[in-house]
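In what follows, a single structure is set out as structure tokens and then discussed.
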Amino acid sequence: MQPSLNPDDRVLVKRWSPGQLLRLDQIVVAWHPQRSELRLIKRLKRWDGNRLWLEGDNPSESTDSRQLGWLSPDRVIGVVV
């Protein structure tokens with residue numbers, strides 16, 4: 001998430017559950033869709049109500065929806081506050 005966040009930065013995360021509002025460009029923490037032990041910190045770029053499109057701020061170094069595709073909202077852990 002550089003330049004917004006650096007590797008050793010700590011973030012405060014507010015838990016999120018489906019039905020709560022998400023805003024575009026909000027930074028979210030979500031479970032990786034294929035590696036269940038891994039968390040992703042990405043920016044919400046698109047949301048169609050049933051699926052989320054998450055992207056990192058550094059496209060050349062980020063593993064995000066450009067490689068993983070759309071994510072289910074139930075993968076979201078929370079939003080960075």
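The way I read the labels, and the way they are meant: chains A, B, ... in the order of the structure tokens, residue 1 as the first residue of every chain, and ligand 1 as the first ligand shown, with later ones counted on from there.
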
Exercise for review: Tell me which protein, DNA and RNA residues are within 10 Å of range 44-55 of chain A, counting only C-alpha atoms, leaving out same-chain ones fewer than 4 positions away, and put them as JSON, numbers by chain.
Suggested key: {"A": [1, 18, 19, 22, 23, 24, 25, 26, 27, 28, 29, 30, 40, 59, 62, 63, 64, 65, 66, 67, 68, 69, 70, 71, 72, 73, 74, 75, 76, 79]}

For the selection just defined, write its residues with N, CA, C and O atoms to a file, as a CSV table (one decimal), in the first residue's frame.
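In the end it all went to part29.csv:
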```csv
chain,number,residue,atom,x,y,z
A,1,MET,N,0.8,-1.2,0.0
A,1,MET,CA,0.0,0.0,0.0
A,1,MET,C,0.9,1.3,0.0
A,1,MET,O,0.3,2.3,0.3
A,18,PRO,N,-21.2,-7.6,6.6
A,18,PRO,CA,-22.1,-7.3,5.4
A,18,PRO,C,-23.3,-6.6,5.9
A,18,PRO,O,-23.9,-6.9,6.9
A,19,GLY,N,-23.7,-5.6,5.1
A,19,GLY,CA,-24.9,-4.8,5.4
A,19,GLY,C,-24.4,-3.4,5.9
A,19,GLY,O,-25.2,-2.5,5.7
A,22,LEU,N,-19.8,0.7,3.0
A,22,LEU,CA,-18.4,0.9,2.6
A,22,LEU,C,-18.4,2.0,1.6
A,22,LEU,O,-19.3,2.2,0.8
A,23,ARG,N,-17.3,2.8,1.6
A,23,ARG,CA,-17.1,3.9,0.7
A,23,ARG,C,-16.0,3.6,-0.3
A,23,ARG,O,-15.0,3.0,0.1
A,24,LEU,N,-16.1,4.0,-1.5
A,24,LEU,CA,-15.0,3.9,-2.5
A,24,LEU,C,-13.8,4.7,-2.0
A,24,LEU,O,-13.9,5.7,-1.3
A,25,ASP,N,-12.7,4.1,-2.3
A,25,ASP,CA,-11.3,4.7,-1.9
A,25,ASP,C,-11.0,4.4,-0.4
A,25,ASP,O,-10.0,4.9,0.1
A,26,GLN,N,-11.9,3.8,0.3
A,26,GLN,CA,-11.6,3.4,1.7
A,26,GLN,C,-10.6,2.3,1.7
A,26,GLN,O,-10.7,1.4,0.8
A,27,ILE,N,-9.7,2.3,2.7
A,27,ILE,CA,-8.8,1.2,2.8
A,27,ILE,C,-9.4,0.1,3.7
A,27,ILE,O,-9.9,0.4,4.8
A,28,VAL,N,-9.4,-1.1,3.2
A,28,VAL,CA,-10.0,-2.3,3.9
A,28,VAL,C,-9.0,-3.4,4.1
A,28,VAL,O,-8.0,-3.5,3.4
A,29,VAL,N,-9.2,-4.2,5.1
A,29,VAL,CA,-8.5,-5.4,5.4
A,29,VAL,C,-9.4,-6.6,5.1
A,29,VAL,O,-10.5,-6.6,5.5
A,30,ALA,N,-8.9,-7.5,4.3
A,30,ALA,CA,-9.7,-8.6,3.8
A,30,ALA,C,-8.8,-9.9,3.8
A,30,ALA,O,-7.6,-9.8,3.7
A,40,LEU,N,-5.0,-9.1,3.4
A,40,LEU,CA,-4.7,-8.1,2.4
A,40,LEU,C,-5.2,-6.7,2.9
A,40,LEU,O,-6.2,-6.6,3.6
A,59,PRO,N,0.6,-0.2,-8.1
A,59,PRO,CA,0.2,-1.3,-9.0
A,59,PRO,C,1.3,-2.3,-9.4
A,59,PRO,O,1.0,-3.4,-9.6
A,62,SER,N,1.7,-4.7,-6.3
A,62,SER,CA,0.6,-5.2,-5.5
A,62,SER,C,-0.1,-6.4,-6.1
A,62,SER,O,-0.2,-6.6,-7.3
A,63,THR,N,-0.4,-7.3,-5.2
A,63,THR,CA,-1.3,-8.4,-5.6
A,63,THR,C,-2.7,-8.1,-5.1
A,63,THR,O,-2.9,-7.9,-3.9
A,64,ASP,N,-3.6,-7.9,-6.0
A,64,ASP,CA,-4.9,-7.4,-5.7
A,64,ASP,C,-5.9,-7.9,-6.7
A,64,ASP,O,-5.7,-9.0,-7.4
A,65,SER,N,-7.1,-7.3,-6.9
A,65,SER,CA,-8.1,-7.8,-7.7
A,65,SER,C,-7.7,-7.9,-9.2
A,65,SER,O,-8.3,-8.6,-10.0
A,66,ARG,N,-6.7,-7.1,-9.6
A,66,ARG,CA,-6.2,-7.3,-11.0
A,66,ARG,C,-5.7,-8.7,-11.2
A,66,ARG,O,-5.7,-9.1,-12.4
A,67,GLN,N,-5.2,-9.4,-10.2
A,67,GLN,CA,-4.7,-10.8,-10.3
A,67,GLN,C,-5.8,-11.7,-9.7
A,67,GLN,O,-5.9,-12.8,-10.3
A,68,LEU,N,-6.4,-11.3,-8.6
A,68,LEU,CA,-7.3,-12.2,-7.9
A,68,LEU,C,-8.7,-12.2,-8.3
A,68,LEU,O,-9.5,-13.1,-8.0
A,69,GLY,N,-9.1,-11.1,-9.0
A,69,GLY,CA,-10.5,-10.9,-9.4
A,69,GLY,C,-11.3,-10.3,-8.3
A,69,GLY,O,-10.8,-9.8,-7.3
A,70,TRP,N,-12.6,-10.4,-8.5
A,70,TRP,CA,-13.6,-9.8,-7.5
A,70,TRP,C,-13.6,-10.6,-6.3
A,70,TRP,O,-13.4,-11.8,-6.3
A,71,LEU,N,-13.7,-9.9,-5.1
A,71,LEU,CA,-13.8,-10.6,-3.8
A,71,LEU,C,-15.2,-10.5,-3.3
A,71,LEU,O,-15.9,-9.5,-3.5
A,72,SER,N,-15.6,-11.5,-2.5
A,72,SER,CA,-16.9,-11.6,-1.9
A,72,SER,C,-16.8,-10.7,-0.6
A,72,SER,O,-15.8,-10.6,0.0
A,73,PRO,N,-17.8,-9.9,-0.3
A,73,PRO,CA,-17.8,-9.1,0.9
A,73,PRO,C,-17.6,-9.8,2.2
A,73,PRO,O,-17.1,-9.2,3.1
A,74,ASP,N,-17.9,-11.1,2.2
A,74,ASP,CA,-17.6,-11.8,3.4
A,74,ASP,C,-16.1,-12.1,3.7
A,74,ASP,O,-15.7,-12.5,4.8
A,75,ARG,N,-15.3,-11.7,2.8
A,75,ARG,CA,-13.8,-11.8,3.0
A,75,ARG,C,-13.3,-10.5,3.8
A,75,ARG,O,-12.2,-10.6,4.3
A,76,VAL,N,-14.1,-9.5,3.8
A,76,VAL,CA,-13.7,-8.3,4.5
A,76,VAL,C,-13.7,-8.4,6.0
A,76,VAL,O,-14.6,-8.9,6.6
A,79,VAL,N,-12.4,-2.1,8.2
A,79,VAL,CA,-11.9,-0.9,7.5
A,79,VAL,C,-10.9,-0.2,8.3
A,79,VAL,O,-10.9,-0.1,9.6
```

Practice item. Between CA of Arg43 in chain A and CA of Asn6 in chain A, measure the distance and give it in Å to one decimal. Key: 14.3 Å

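Within range 50-79 of chain A, the backbone-based DSSP assignment of strand (DSSP E) covers Leu52, Trp53, Leu54, Glu55, Val76, Ile77, Gly78 and Val79 of chain A.
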
Take the residues from that selection and write them out as an mmCIF file, in the first residue's frame, keeping N, CA, C and O atoms.
```
data_model
loop_
_atom_site.group_PDB
_atom_site.id
_atom_site.type_symbol
_atom_site.label_atom_id
_atom_site.label_comp_id
_atom_site.auth_asym_id
_atom_site.auth_seq_id
_atom_site.Cartn_x
_atom_site.Cartn_y
_atom_site.Cartn_z
ATOM 1 N N LEU A 52 -16.509 -7.052 -4.453
ATOM 2 C CA LEU A 52 -15.600 -5.936 -4.204
ATOM 3 C C LEU A 52 -14.400 -6.030 -5.131
ATOM 4 O O LEU A 52 -13.871 -7.121 -5.372
ATOM 5 N N TRP A 53 -13.965 -4.885 -5.617
ATOM 6 C CA TRP A 53 -12.747 -4.804 -6.415
ATOM 7 C C TRP A 53 -11.743 -4.007 -5.590
ATOM 8 O O TRP A 53 -11.952 -2.830 -5.319
ATOM 9 N N LEU A 54 -10.668 -4.676 -5.142
ATOM 10 C CA LEU A 54 -9.672 -4.051 -4.279
ATOM 11 C C LEU A 54 -8.361 -3.887 -5.031
ATOM 12 O O LEU A 54 -7.927 -4.808 -5.726
ATOM 13 N N GLU A 55 -7.731 -2.716 -4.864
ATOM 14 C CA GLU A 55 -6.443 -2.462 -5.513
ATOM 15 C C GLU A 55 -5.473 -1.842 -4.519
ATOM 16 O O GLU A 55 -5.866 -1.053 -3.664
ATOM 17 N N VAL A 76 -14.089 -9.479 3.847
ATOM 18 C CA VAL A 76 -13.662 -8.252 4.505
ATOM 19 C C VAL A 76 -13.670 -8.449 6.026
ATOM 20 O O VAL A 76 -14.646 -8.906 6.602
ATOM 21 N N ILE A 77 -12.550 -8.084 6.645
ATOM 22 C CA ILE A 77 -12.413 -8.134 8.096
ATOM 23 C C ILE A 77 -12.832 -6.798 8.691
ATOM 24 O O ILE A 77 -13.562 -6.733 9.685
ATOM 25 N N GLY A 78 -12.371 -5.714 8.095
ATOM 26 C CA GLY A 78 -12.696 -4.393 8.620
ATOM 27 C C GLY A 78 -12.154 -3.285 7.757
ATOM 28 O O GLY A 78 -11.558 -3.526 6.709
ATOM 29 N N VAL A 79 -12.366 -2.063 8.210
ATOM 30 C CA VAL A 79 -11.907 -0.883 7.496
ATOM 31 C C VAL A 79 -10.863 -0.174 8.343
ATOM 32 O O VAL A 79 -10.940 -0.138 9.563
#
```

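CA of Ile41 in chain A is found 12.3 Å from CA of Val81 in chain A.
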
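Taking CA of Pro3 in chain A and CA of Gln20 in chain A as the two end points, the separation is 27.6 Å.
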
Practice item. Return as an MDAnalysis selection string the full set of residues in chain A whose backbone-based DSSP assignment is helix (DSSP H, G or I). Key: chainID A and resid 65:68 73:75

Put those residues in a file: all heavy atoms, as a compact mmCIF listing (two decimals), in the first residue's frame.
```txt
# COMPACT_ATOMS: atom_id res chain seq x y z
N SER A 65 -7.06 -7.28 -6.85
CA SER A 65 -8.12 -7.78 -7.73
C SER A 65 -7.70 -7.85 -9.19
O SER A 65 -8.31 -8.59 -9.97
CB SER A 65 -9.38 -6.91 -7.60
OG SER A 65 -10.00 -7.15 -6.35
N ARG A 66 -6.65 -7.15 -9.57
CA ARG A 66 -6.17 -7.27 -10.95
C ARG A 66 -5.65 -8.67 -11.23
O ARG A 66 -5.69 -9.14 -12.36
CB ARG A 66 -5.10 -6.21 -11.23
CG ARG A 66 -5.69 -4.80 -11.29
CD ARG A 66 -4.62 -3.77 -11.37
NE ARG A 66 -4.06 -3.59 -10.03
CZ ARG A 66 -3.64 -2.44 -9.54
NH1 ARG A 66 -3.69 -1.36 -10.27
NH2 ARG A 66 -3.16 -2.35 -8.32
N GLN A 67 -5.17 -9.36 -10.19
CA GLN A 67 -4.73 -10.75 -10.32
C GLN A 67 -5.76 -11.73 -9.74
O GLN A 67 -5.95 -12.82 -10.26
CB GLN A 67 -3.40 -11.00 -9.60
CG GLN A 67 -2.22 -10.26 -10.17
CD GLN A 67 -2.15 -8.82 -9.68
OE1 GLN A 67 -2.61 -8.50 -8.59
NE2 GLN A 67 -1.60 -7.95 -10.51
N LEU A 68 -6.41 -11.33 -8.65
CA LEU A 68 -7.29 -12.23 -7.90
C LEU A 68 -8.74 -12.18 -8.34
O LEU A 68 -9.52 -13.06 -8.02
CB LEU A 68 -7.21 -11.90 -6.40
CG LEU A 68 -5.82 -11.95 -5.78
CD1 LEU A 68 -5.84 -11.35 -4.38
CD2 LEU A 68 -5.30 -13.37 -5.76
N PRO A 73 -17.84 -9.92 -0.33
CA PRO A 73 -17.83 -9.06 0.86
C PRO A 73 -17.57 -9.81 2.16
O PRO A 73 -17.07 -9.22 3.11
CB PRO A 73 -19.22 -8.43 0.87
CG PRO A 73 -19.69 -8.51 -0.53
CD PRO A 73 -19.07 -9.76 -1.09
N ASP A 74 -17.86 -11.10 2.20
CA ASP A 74 -17.61 -11.85 3.43
C ASP A 74 -16.12 -12.07 3.71
O ASP A 74 -15.75 -12.54 4.77
CB ASP A 74 -18.37 -13.17 3.48
CG ASP A 74 -17.91 -14.17 2.43
OD1 ASP A 74 -17.03 -13.85 1.61
OD2 ASP A 74 -18.46 -15.28 2.43
N ARG A 75 -15.26 -11.68 2.77
CA ARG A 75 -13.81 -11.75 2.98
C ARG A 75 -13.29 -10.54 3.75
O ARG A 75 -12.18 -10.55 4.26
CB ARG A 75 -13.06 -11.83 1.62
CG ARG A 75 -13.49 -12.93 0.68
CD ARG A 75 -13.35 -14.31 1.22
NE ARG A 75 -11.98 -14.64 1.51
CZ ARG A 75 -11.61 -15.69 2.21
NH1 ARG A 75 -12.50 -16.51 2.70
NH2 ARG A 75 -10.34 -15.93 2.47
```

**Study point:** Shell of 10 Å around Ser4 in chain A, only C-alpha atoms, local chain residues under 6 positions omitted, as a ChimeraX atom specification
**Key:** /A:27,56-58
